[in-house]
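So the structure is just underneath, and the comments pick up after that.
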There are 4 protein chains.
Amino acid sequence: MKAAIIGASGYTGAELMRILHGHPEVEVSYASAHKYAGEKVTSLYPHLHGYAGMEFQAFDAEAALARSDIIFAALPHGEAMRVVPSLLEGGARVIDLSADYRLDDVALYRTWYGIEHTSAHLLSEAAYGLPEINGDSISRAGLVAVPGCYPTAAILALAPLAKAGWPGVDGAIIDAKSGVSGAGRSLSLSAHFSQADGSMKPYNVGKHRHTPEMEEVLSKLAGSGVGLTFTPHLAPMSRGILATCYLRTDGTVTAREAGEVFGAFYAGSAFVVPLGSDAFPETKAVCGSNYCHIGWHLDGDRGVMTVVSAIDNLVKGASGQAVQCMNIMQGWREDTGLQALGVFP
Amino acid sequence: MKAAIIGASGYTGAELMRILHGHPEVEVSYASAHKYAGEKVTSLYPHLHGYAGMEFQAFDAEAALARSDIIFAALPHGEAMRVVPSLLEGGARVIDLSADYRLDDVALYRTWYGIEHTSAHLLSEAAYGLPEINGDSISRAGLVAVPGCYPTAAILALAPLAKAGWPGVDGAIIDAKSGVSGAGRSLSLSAHFSQADGSMKPYNVGKHRHTPEMEEVLSKLAGSGVGLTFTPHLAPMSRGILATCYLRTDGTVTAREAGEVFGAFYAGSAFVVPLGSDAFPETKAVCGSNYCHIGWHLDGDRGVMTVVSAIDNLVKGASGQAVQCMNIMQGWREDTGLQALGVFP
Amino acid sequence: MKAAIIGASGYTGAELMRILHGHPEVEVSYASAHKYAGEKVTSLYPHLHGYAGMEFQAFDAEAALARSDIIFAALPHGEAMRVVPSLLEGGARVIDLSADYRLDDVALYRTWYGIEHTSAHLLSEAAYGLPEINGDSISRAGLVAVPGCYPTAAILALAPLAKAGWPGVDGAIIDAKSGVSGAGRSLSLSAHFSQADGSMKPYNVGKHRHTPEMEEVLSKLAGSGVGLTFTPHLAPMSRGILATCYLRTDGTVTAREAGEVFGAFYAGSAFVVPLGSDAFPETKAVCGSNYCHIGWHLDGDRGVMTVVSAIDNLVKGASGQAVQCMNIMQGWREDTGLQALGVFP
Amino acid sequence: MKAAIIGASGYTGAELMRILHGHPEVEVSYASAHKYAGEKVTSLYPHLHGYAGMEFQAFDAEAALARSDIIFAALPHGEAMRVVPSLLEGGARVIDLSADYRLDDVALYRTWYGIEHTSAHLLSEAAYGLPEINGDSISRAGLVAVPGCYPTAAILALAPLAKAGWPGVDGAIIDAKSGVSGAGRSLSLSAHFSQADGSMKPYNVGKHRHTPEMEEVLSKLAGSGVGLTFTPHLAPMSRGILATCYLRTDGTVTAREAGEVFGAFYAGSAFVVPLGSDAFPETKAVCGSNYCHIGWHLDGDRGVMTVVSAIDNLVKGASGQAVQCMNIMQGWREDTGLQALGVFP
């Protein structure tokens with residue numbers, strides 16, 4: 001099968017190419033990157049020498065459609081919605097890694113992204129691409145909106161609890177620490193090595209765009225409104241997200257019950273590993289892999305539950321998850337081409 | 001004036017030597033380190049060539065007393081209380097960087113440190129060495145117990161609010177990210193470069209020994225019981241602590257009021273810099289310095305306040321703070337020998 | 001096919017398990033680790049959850065022989081030679097990752113490793129496990145001695161030149177920069193995070209044990225004695241070796257000729273990628289992969305050639321290379337289970 | 001005394017401000033930064049809160065002259081020569097951190113920097129600002145051209161040998177590893193965190209602009225032409241340069257003689273510390289300080305000498321050295337305001 005990647009020169013595009021190189025059923029047949037049209041893939045990304053002869057193309061919808069069976073859009077928000085509708089009209093199935101089709105509510109999109117949505121009719125059509133909670137919809141979808149790294153980490157930590165009606169999901173606090181690759185390949189002072197190395201800092205406190213996405217998804221699972229406080233931090237590492245979540249449970253639940261909830265929810269999961277009570281994840285153990293590790297602690301005295309999840313932001317938080325969605329859409333085993341273990345140490 | 005350092009071979013001991021080298025009124029006249037007795041200071045720490053001829057000594061209380069006007073104890077908890085009483089009896093003023101004299105309540109000490117306190121009578125005598133809240137006691141004290149890095153970062157973030165009766169201090173959540181030097185010079189797998197590099201992880205979730213210390217101090221300031229949830233994380237950097245604190249304020253307070261509270265509390269403070277509302281610190285800006293930066297955000301909709309503080313764990317979180325206490329004990333300007341700015345980038 | 005790993009708890013052992021997890025023809029059936037006998041693999045290495053039920057065993061030669069078709073020995077030098085002979089006598093084919101069977105000359109072994117070799121008769125039998133120069137011997141061998149990370153990086157950079165009689169190979173200077181994982185999982189001050197982070201330093205200058213190994217191999221290729229100056233450095237990163245090699249060519253050769261020599265030598269190579277003249281490698285592009293990137297520059301004026309190679313020390317410099325050797329021994333495609341591209345960024 | 005800094009928003013400018021904040025005789029009275037005119041110093045550099053009220057100015061020569069007793073120019077090459085002549089004409093003493101006045105030979109400047117020099121007459125007037133070899137000229141100079149980080153590290157390693165007529169200085173190989181802050185505050189892909197973190201790579205192999213500067217200075221010291229091979233590398237750390245230098249001595253010299261040469265040359269040096277034979281530096285031990293550590297090894301068998309030096313590129317390699325020059329120009333102790341020890345760990 002042939003896959004096209006639109007916006008292939010960014011980190012999520014390159015990561016799609018890396019992962020698909022090892023996929024037994026798919027090959028990348030088309031890779032567009034406006035800014036680098038005509039340049040060799042390996043001149044930007046020497047690690048991608050599996051694509052030794054390939055060049056980035058200027059985007060052309062017809063070429064992309066003609067030369068592929070499925071299309072990954074790895075464009076920034078706002079740009080994705082300019083190309084996705086025509087690709088769908090051209091008959092393609094599209095897996096979009098941007099934020100453009102993640103929210104149901106177009107007003108929320110306008111509020112948080114500050115632009116008008118130009119294909120709002122697709123919002124209801126798009127399946128939210130988090131397989132652990134939405135596999136059926138993904139399997140039938142023509143358009144999948146893959147969640148970003150922060151929502152993936154946070155939702156995987158809280159989804160079992162939300163669904164179980166666990167106390168404290170509404171009002172939960174999510175303190176997330178991200179590797180700098182989450183900021184992408186675009187240059188910025190906060191992603192400048194000398195500024196970021198050896199430093200921890202929060203950013204976008206109280207106003208990160210991923211907040212409404214998490215709230216919308218968890219509210220659906222909970223069957224009632226879930227409000228969250230989400231604080232992202234930049235950590236001095238390339239990859240990885242650690243999400244530390246705090247819930248006020250008021251002491252009405254136990255660690256054993258938590259174990260049952262997580263165990264049941266992720267029984268048979270290909271990628272989510274509940275480590276157990278008082279066993280905690282570290283980001284490096286999932287680096288380069290599609291896995292998510294989760295641990296938790298219940299403090300009965302204070303009535304606070306702490307849940308911690310770790311993913312690789314570029315794999316389970318972006319490109320690996322997109323491939324997982326593709327596998328489901330194709331009816332393949334969910335972990336086809338995604339079995340690589342974390343690269344540790 | 002002459003200062004002795006007991007336990008000089010660890011990171012806080014070496015940091016004391018680094019800082020005191022630039023102090024105009026004090027020189028290090030004695031440095032003991034059991035394990036390295038007879039070794040040159042510079043063979044362990046080449047950066048300390050201001051001490052080119054000096055050797056570490058085996059600890060000897062009489063020698064320490066005879067050759068110094070003030071004594072810094074930079075020993076692990078449990079070891080400090082074996083030497084501090086005899087130093088005090090010998091007439092010395094002692095600044096202790098261990099946990100042995102920080103808690104008022106000897107039962108809490110037994111519970112959290114797992115050993116019996118052998119000089120509990122000194123607990124009431126010891127001044128808690130956080131100058132921003134306890135300057136008067138420090139100035140009169142013969143024994144000062146310098147708080148550790150986590151309590152310093154958390155208490156500086158919350159003390160103004162606790163004192164002002166701010167809502168949500170009781171029940172606050174403290175999510176702290178620490179550089180690996182906080183684990184000291186002793187070898188361990190979690191401080192092994194290949195394990196820690198490129199990774200974020202929580203540890204001691206729900207059971208870190210610094211929790212009761214923070215609670216005790218903030219309770220006193222608040223005038224009523226303060227319970228906290230404290231989660232330490234290891235970040236892939238050598239120095240720095242970032243403490244992100246969450247308070248449920250229930251929307252009854254404003255950012256402007258917060259600014260007034262922080263501004264009033266730290267007016268005239270030599271080292272604590274309130275950056276303001278929606279201005280946040282990064283650890284690297286205080287690296288190598290005795291400064292503490294604090295910023296905050298109030299989310300009126302969700303009724304949650306976020307306060308973030310940053311310090312260098314080895315300076316304001318340990319040795320710099322100890323020197324600050326010494327300055328106060330001596331009646332010198334608080335920032336004598338401590339004016340160095342952060343080493344950035 | 002079943003593989004046993006002796007000494008599976010170290011980094012090269014764990015890396016063998018990671019790589020073999022993705023190998024289509026082999027499964028790890030036995031993993032011994034004296035110190036961790038009875039512990040779960042995943043309790044030491046959470047990233048290895050492909051081995052969720054498995055426990056480390058105390059080493060037992062008969063069990064290892066009975067339960068495997070091929071054996072990887074990932075023990076320190078000196079320990080390997082205590083077990084390899086009995087495994088060979090038991091009929092196993094053995095791939096040894098230690099230094100014990102790399103040198104031909106037992107006197108060199110004694111000089112550089114400071115111990116007496118206890119199975120010197122196997123030195124001539126063992127094939128040097130660098131497939132790019134020794135594939136035939138490996139394919140027929142019962143015992144393969146996989147070279148370490150430094151020799152692999154240096155020899156791959158210089159082998160084509162040595163074989164071509166290029167000027168300056170004898171007397172070449174090799175300035176190598178290694179990630180800290182090269183020091184293994186054993187704790188040491190130089191691999192302590194706070195000491196290594198943010199620092200570059202040389203070590204074992206003029207006396208690193210890998211020097212005679214490089215000299216022996218390159219001398220054979222050159223057909224005459226090759227002496228080298230080798231200086232290893234510790235770089236603040238987990239993985240990767242960059243070897244910068246300097247040759248005095250006296251201006252008698254050109255960059256075009258160099259391109260021909262490298263191109264011919266590595267034509268058809270599965271893993272070594274000559275990037276070309278004035279195109280240089282970076283370690284991160286090969287991180288987690290079995291690839292080696294090589295670039296060079298000829299300075300005609302000064303008569304100096306610079307050749308730079310990059311590998312992942314734990315993959316092409318150890319466990320990946322061991323798997324490559326196994327593939328050759330089995331008559332499989334050399335890159336079976338080893339096609340993963342570098343994990344970048 | 002009042003100092004002006006032209007180009008104060010870059011890393012060397014900010015480092016001048018950091019260092020001068022602790023200088024007992026000087027205060028920064030003027031800081032220009034074209035791009036950030038009107039912005040607060042602390043909004044770019046929160047660590048500089050010693051300058052809480054200060055704003056960057058648009059450059060104005062008259063204002064700079066009127067408000068200062070000495071001027072530091074921290075501009076890129078090419079820009080410095082557009083302002084330095086008018087400052088000198090205005091009567092100022094100028095310490096220039098750019099490359100514009102470092103070379104004697106204007107033709108070399110044109111060749112390596114690719115632009116025409118517009119004030120070549122000042123080249124002979126400018127003192128080369130490396131105090132360890134040029135203190136007298138600096139003390140009398142109106143214009144001092146402070147060498148960059150690579151030449152400082154390399155020349156300090158080789159100067160004693162060059163002056164002593166040591167074999168192998170001509171033809172020496174310098175393999176240098178630099179922290180990323182050497183690339184400055186300007187954004188670039190190679191200084192982008194995700195690209196640089198966890199990676200070692202060479203750059204500008206055979207064509208770095210600092211090569212002719214090193215050659216010119218060492219040739220003067222040697223009294224005959226010195227040609228060098230210089231290869232810079234980017235290391236994943238913010239600060240520090242480690243220069244590993246290789247000399248072919250042909251076995252005619254000994255380690256003891258080397259010790260005498262280094263000892264004599266740096267006797268009484270305030271900042272250069274010869275660690276001795278087989279004692280090697282690490283960059284972190286000099287981090288944040290103006291010190292340079294040097295070690296060496298003689299390999300009699302191979303006739304190769306290895307000399308390794310370490311500095312902080314922003315201090316001894318730029319701003320600290322500039323302050324050292326100022327001290328000499330003013331007749332103050334060379335180390336005034338520069339006694340801070342390295343910040344380790």
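Please note that chains go A, B, ... in the order of the structure tokens, that every chain numbers its residues from 1, and that ligands are numbered from 1 in the order shown.
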
Problem set entry | Distance filter 6 Å, only C-alpha atoms, chain B against chain A, as a PyMOL selection string | chain B and resi 194-195+198-201+237+282-284+345

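Pairwise distance (CA of Lys40 in chain A, CA of Ala8 in chain A) equals 11.7 Å.
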
For this session: Calculate how many Å separate CA of Gln57 in chain D from CA of Gly13 in chain D, rounding to one decimal.
Result: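 CA of Gly13 in chain D lies 13.2 Å from CA of Gln57 in chain D.
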
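For the pair CA of Ala191 in chain B and CA of Leu189 in chain C, the interatomic distance is 10.2 Å.
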
Exercise. DSSP on the backbone: what in range 106-269 of chain C comes out strand (DSSP E), as a PyMOL selection string?
Worked result: chain C and resi 127-128+143-145+173-178+201-202+229-234+241-248

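The smallest atom-to-atom distance between Glu213 in chain C and any of C:Val307, C:Ile5, C:Ala318, C:Cys149, using only C-alpha atoms, is found for C:Cys149.
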
For this session: Identify which of the residues A:Ser119, A:Ser269, A:Thr111, A:Thr336 lies closest to Arg82 in chain A, counting only C-alpha atoms when measuring atom-to-atom distances.
Result: A:Ser119

Exercise. Per DSSP on the backbone, what are the helix (DSSP H, G or I) residues of range 98-225 of chain A, as a VMD selection string?
Worked result: chain A and resid 106 to 113 120 to 122 131 to 140 149 to 163 180 to 183 189 to 191 193 to 196 211 to 222

Problem set entry | Contacts of range 58-69 of chain D at 7 Å (only C-alpha atoms; same-chain gap of 6+ positions) as a ChimeraX atom specification | /D:1-4,29-30,32-34,37,87,90,92

Write out, as a tab-separated table (two decimals), in the first residue's frame, the residues just selected, with C-alpha atoms.
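This went into again_15.tsv:
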```
chain	number	residue	atom	x	y	z
D	1	MET	CA	34.16	53.96	36.38
D	2	LYS	CA	31.49	53.69	33.76
D	3	ALA	CA	31.41	51.16	30.96
D	4	ALA	CA	29.30	51.10	27.82
D	29	SER	CA	26.14	52.83	32.37
D	30	TYR	CA	25.00	52.23	28.80
D	32	SER	CA	22.86	49.35	23.27
D	33	ALA	CA	21.04	46.69	21.29
D	34	HIS	CA	19.54	47.85	18.05
D	37	ALA	CA	15.91	49.26	21.89
D	87	LEU	CA	34.39	55.58	19.05
D	90	GLY	CA	35.67	60.24	20.05
D	92	ALA	CA	37.25	56.23	23.90
```

Problem set entry | Neighbour list for Leu48 in chain C as a list in words, cut-off 7 Å, only C-alpha atoms, skip fewer than 3 positions in-chain | Leu341 of chain A; Arg18, Thr42, Tyr45 and Tyr51 of chain C

For this session: Pick out the closest residue to Ala258 in chain C from this set: C:Pro167, C:Arg185, C:Ser190, C:Met214. Count only C-alpha atoms.
Result: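 Smallest distance to Ala258 in chain C is found for C:Pro167.
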
For this session: Pick out the residues sitting within 12 Å of Gly135 in chain B, and hand them over as a VMD selection string; count only C-alpha atoms, and ignore anything fewer than 2 positions along from it in its own chain.
Result: chain B and resid 127 to 133 137 to 141 144 269 321 324 to 331 334

Expected file: the selected residues, N, CA and C atoms, as an mmCIF file, in the first residue's frame:
```
data_model
loop_
_atom_site.group_PDB
_atom_site.id
_atom_site.type_symbol
_atom_site.label_atom_id
_atom_site.label_comp_id
_atom_site.auth_asym_id
_atom_site.auth_seq_id
_atom_site.Cartn_x
_atom_site.Cartn_y
_atom_site.Cartn_z
ATOM 1 N N ALA B 127 17.030 27.466 65.168
ATOM 2 C CA ALA B 127 16.229 28.365 64.338
ATOM 3 C C ALA B 127 16.118 27.761 62.941
ATOM 4 N N TYR B 128 14.930 27.834 62.389
ATOM 5 C CA TYR B 128 14.730 27.335 61.025
ATOM 6 C C TYR B 128 15.334 28.355 60.061
ATOM 7 N N GLY B 129 16.306 27.906 59.276
ATOM 8 C CA GLY B 129 17.154 28.833 58.543
ATOM 9 C C GLY B 129 16.622 29.324 57.204
ATOM 10 N N LEU B 130 15.391 29.779 57.190
ATOM 11 C CA LEU B 130 14.857 30.398 55.977
ATOM 12 C C LEU B 130 14.708 31.891 56.266
ATOM 13 N N PRO B 131 15.685 32.677 55.881
ATOM 14 C CA PRO B 131 15.737 34.078 56.321
ATOM 15 C C PRO B 131 14.512 34.884 55.934
ATOM 16 N N GLU B 132 13.864 34.551 54.846
ATOM 17 C CA GLU B 132 12.736 35.360 54.398
ATOM 18 C C GLU B 132 11.548 35.270 55.357
ATOM 19 N N ILE B 133 11.510 34.230 56.171
ATOM 20 C CA ILE B 133 10.400 34.146 57.124
ATOM 21 C C ILE B 133 10.873 34.118 58.575
ATOM 22 N N SER B 137 14.856 35.176 64.369
ATOM 23 C CA SER B 137 15.326 34.006 65.115
ATOM 24 C C SER B 137 16.735 33.619 64.688
ATOM 25 N N ILE B 138 16.981 33.681 63.395
ATOM 26 C CA ILE B 138 18.310 33.315 62.895
ATOM 27 C C ILE B 138 19.360 34.245 63.493
ATOM 28 N N SER B 139 19.036 35.522 63.560
ATOM 29 C CA SER B 139 20.045 36.482 64.034
ATOM 30 C C SER B 139 20.455 36.208 65.480
ATOM 31 N N ARG B 140 19.578 35.587 66.234
ATOM 32 C CA ARG B 140 19.888 35.324 67.644
ATOM 33 C C ARG B 140 20.320 33.886 67.914
ATOM 34 N N ALA B 141 20.326 33.047 66.903
ATOM 35 C CA ALA B 141 20.467 31.610 67.138
ATOM 36 C C ALA B 141 21.918 31.166 67.280
ATOM 37 N N VAL B 144 21.430 26.926 63.672
ATOM 38 C CA VAL B 144 20.484 27.196 62.599
ATOM 39 C C VAL B 144 20.339 25.941 61.750
ATOM 40 N N SER B 269 13.314 42.345 49.896
ATOM 41 C CA SER B 269 14.018 41.068 49.940
ATOM 42 C C SER B 269 15.263 41.127 49.057
ATOM 43 N N GLN B 321 22.016 29.613 51.014
ATOM 44 C CA GLN B 321 21.122 29.948 52.116
ATOM 45 C C GLN B 321 21.855 29.852 53.461
ATOM 46 N N GLN B 324 23.794 32.916 53.760
ATOM 47 C CA GLN B 324 22.863 34.013 54.072
ATOM 48 C C GLN B 324 22.535 34.017 55.567
ATOM 49 N N CYS B 325 22.311 32.840 56.129
ATOM 50 C CA CYS B 325 22.058 32.738 57.571
ATOM 51 C C CYS B 325 23.261 33.223 58.374
ATOM 52 N N MET B 326 24.442 32.817 57.964
ATOM 53 C CA MET B 326 25.652 33.275 58.650
ATOM 54 C C MET B 326 25.742 34.795 58.635
ATOM 55 N N ASN B 327 25.483 35.383 57.466
ATOM 56 C CA ASN B 327 25.526 36.850 57.378
ATOM 57 C C ASN B 327 24.587 37.487 58.393
ATOM 58 N N ILE B 328 23.405 36.935 58.518
ATOM 59 C CA ILE B 328 22.424 37.477 59.462
ATOM 60 C C ILE B 328 22.893 37.275 60.902
ATOM 61 N N MET B 329 23.440 36.092 61.175
ATOM 62 C CA MET B 329 23.959 35.831 62.523
ATOM 63 C C MET B 329 25.077 36.804 62.892
ATOM 64 N N GLN B 330 25.840 37.203 61.884
ATOM 65 C CA GLN B 330 26.971 38.096 62.140
ATOM 66 C C GLN B 330 26.590 39.569 62.103
ATOM 67 N N GLY B 331 25.367 39.848 61.691
ATOM 68 C CA GLY B 331 24.973 41.242 61.584
ATOM 69 C C GLY B 331 25.485 41.924 60.327
ATOM 70 N N GLU B 334 22.805 40.950 54.447
ATOM 71 C CA GLU B 334 22.327 39.615 54.124
ATOM 72 C C GLU B 334 22.967 39.032 52.856
#
```

Exercise. If we count only C-alpha atoms, what is near Gly184 in chain A at a cut-off of 8 Å, once residues fewer than 2 positions away on the same chain are taken out, given as a list in words?
Worked result: Gly10, Tyr11, Thr12, Val180, Ser181, Gly182 and Ser186 of chain A

Exercise. Could you name the residues that touch range 221-223 of chain B at 10 Å or less, counting only C-alpha atoms, but leaving out those on the same chain fewer than 5 positions away, as a VMD selection string?
Worked result: chain B and resid 133 158 to 166 169 to 170 215 to 216
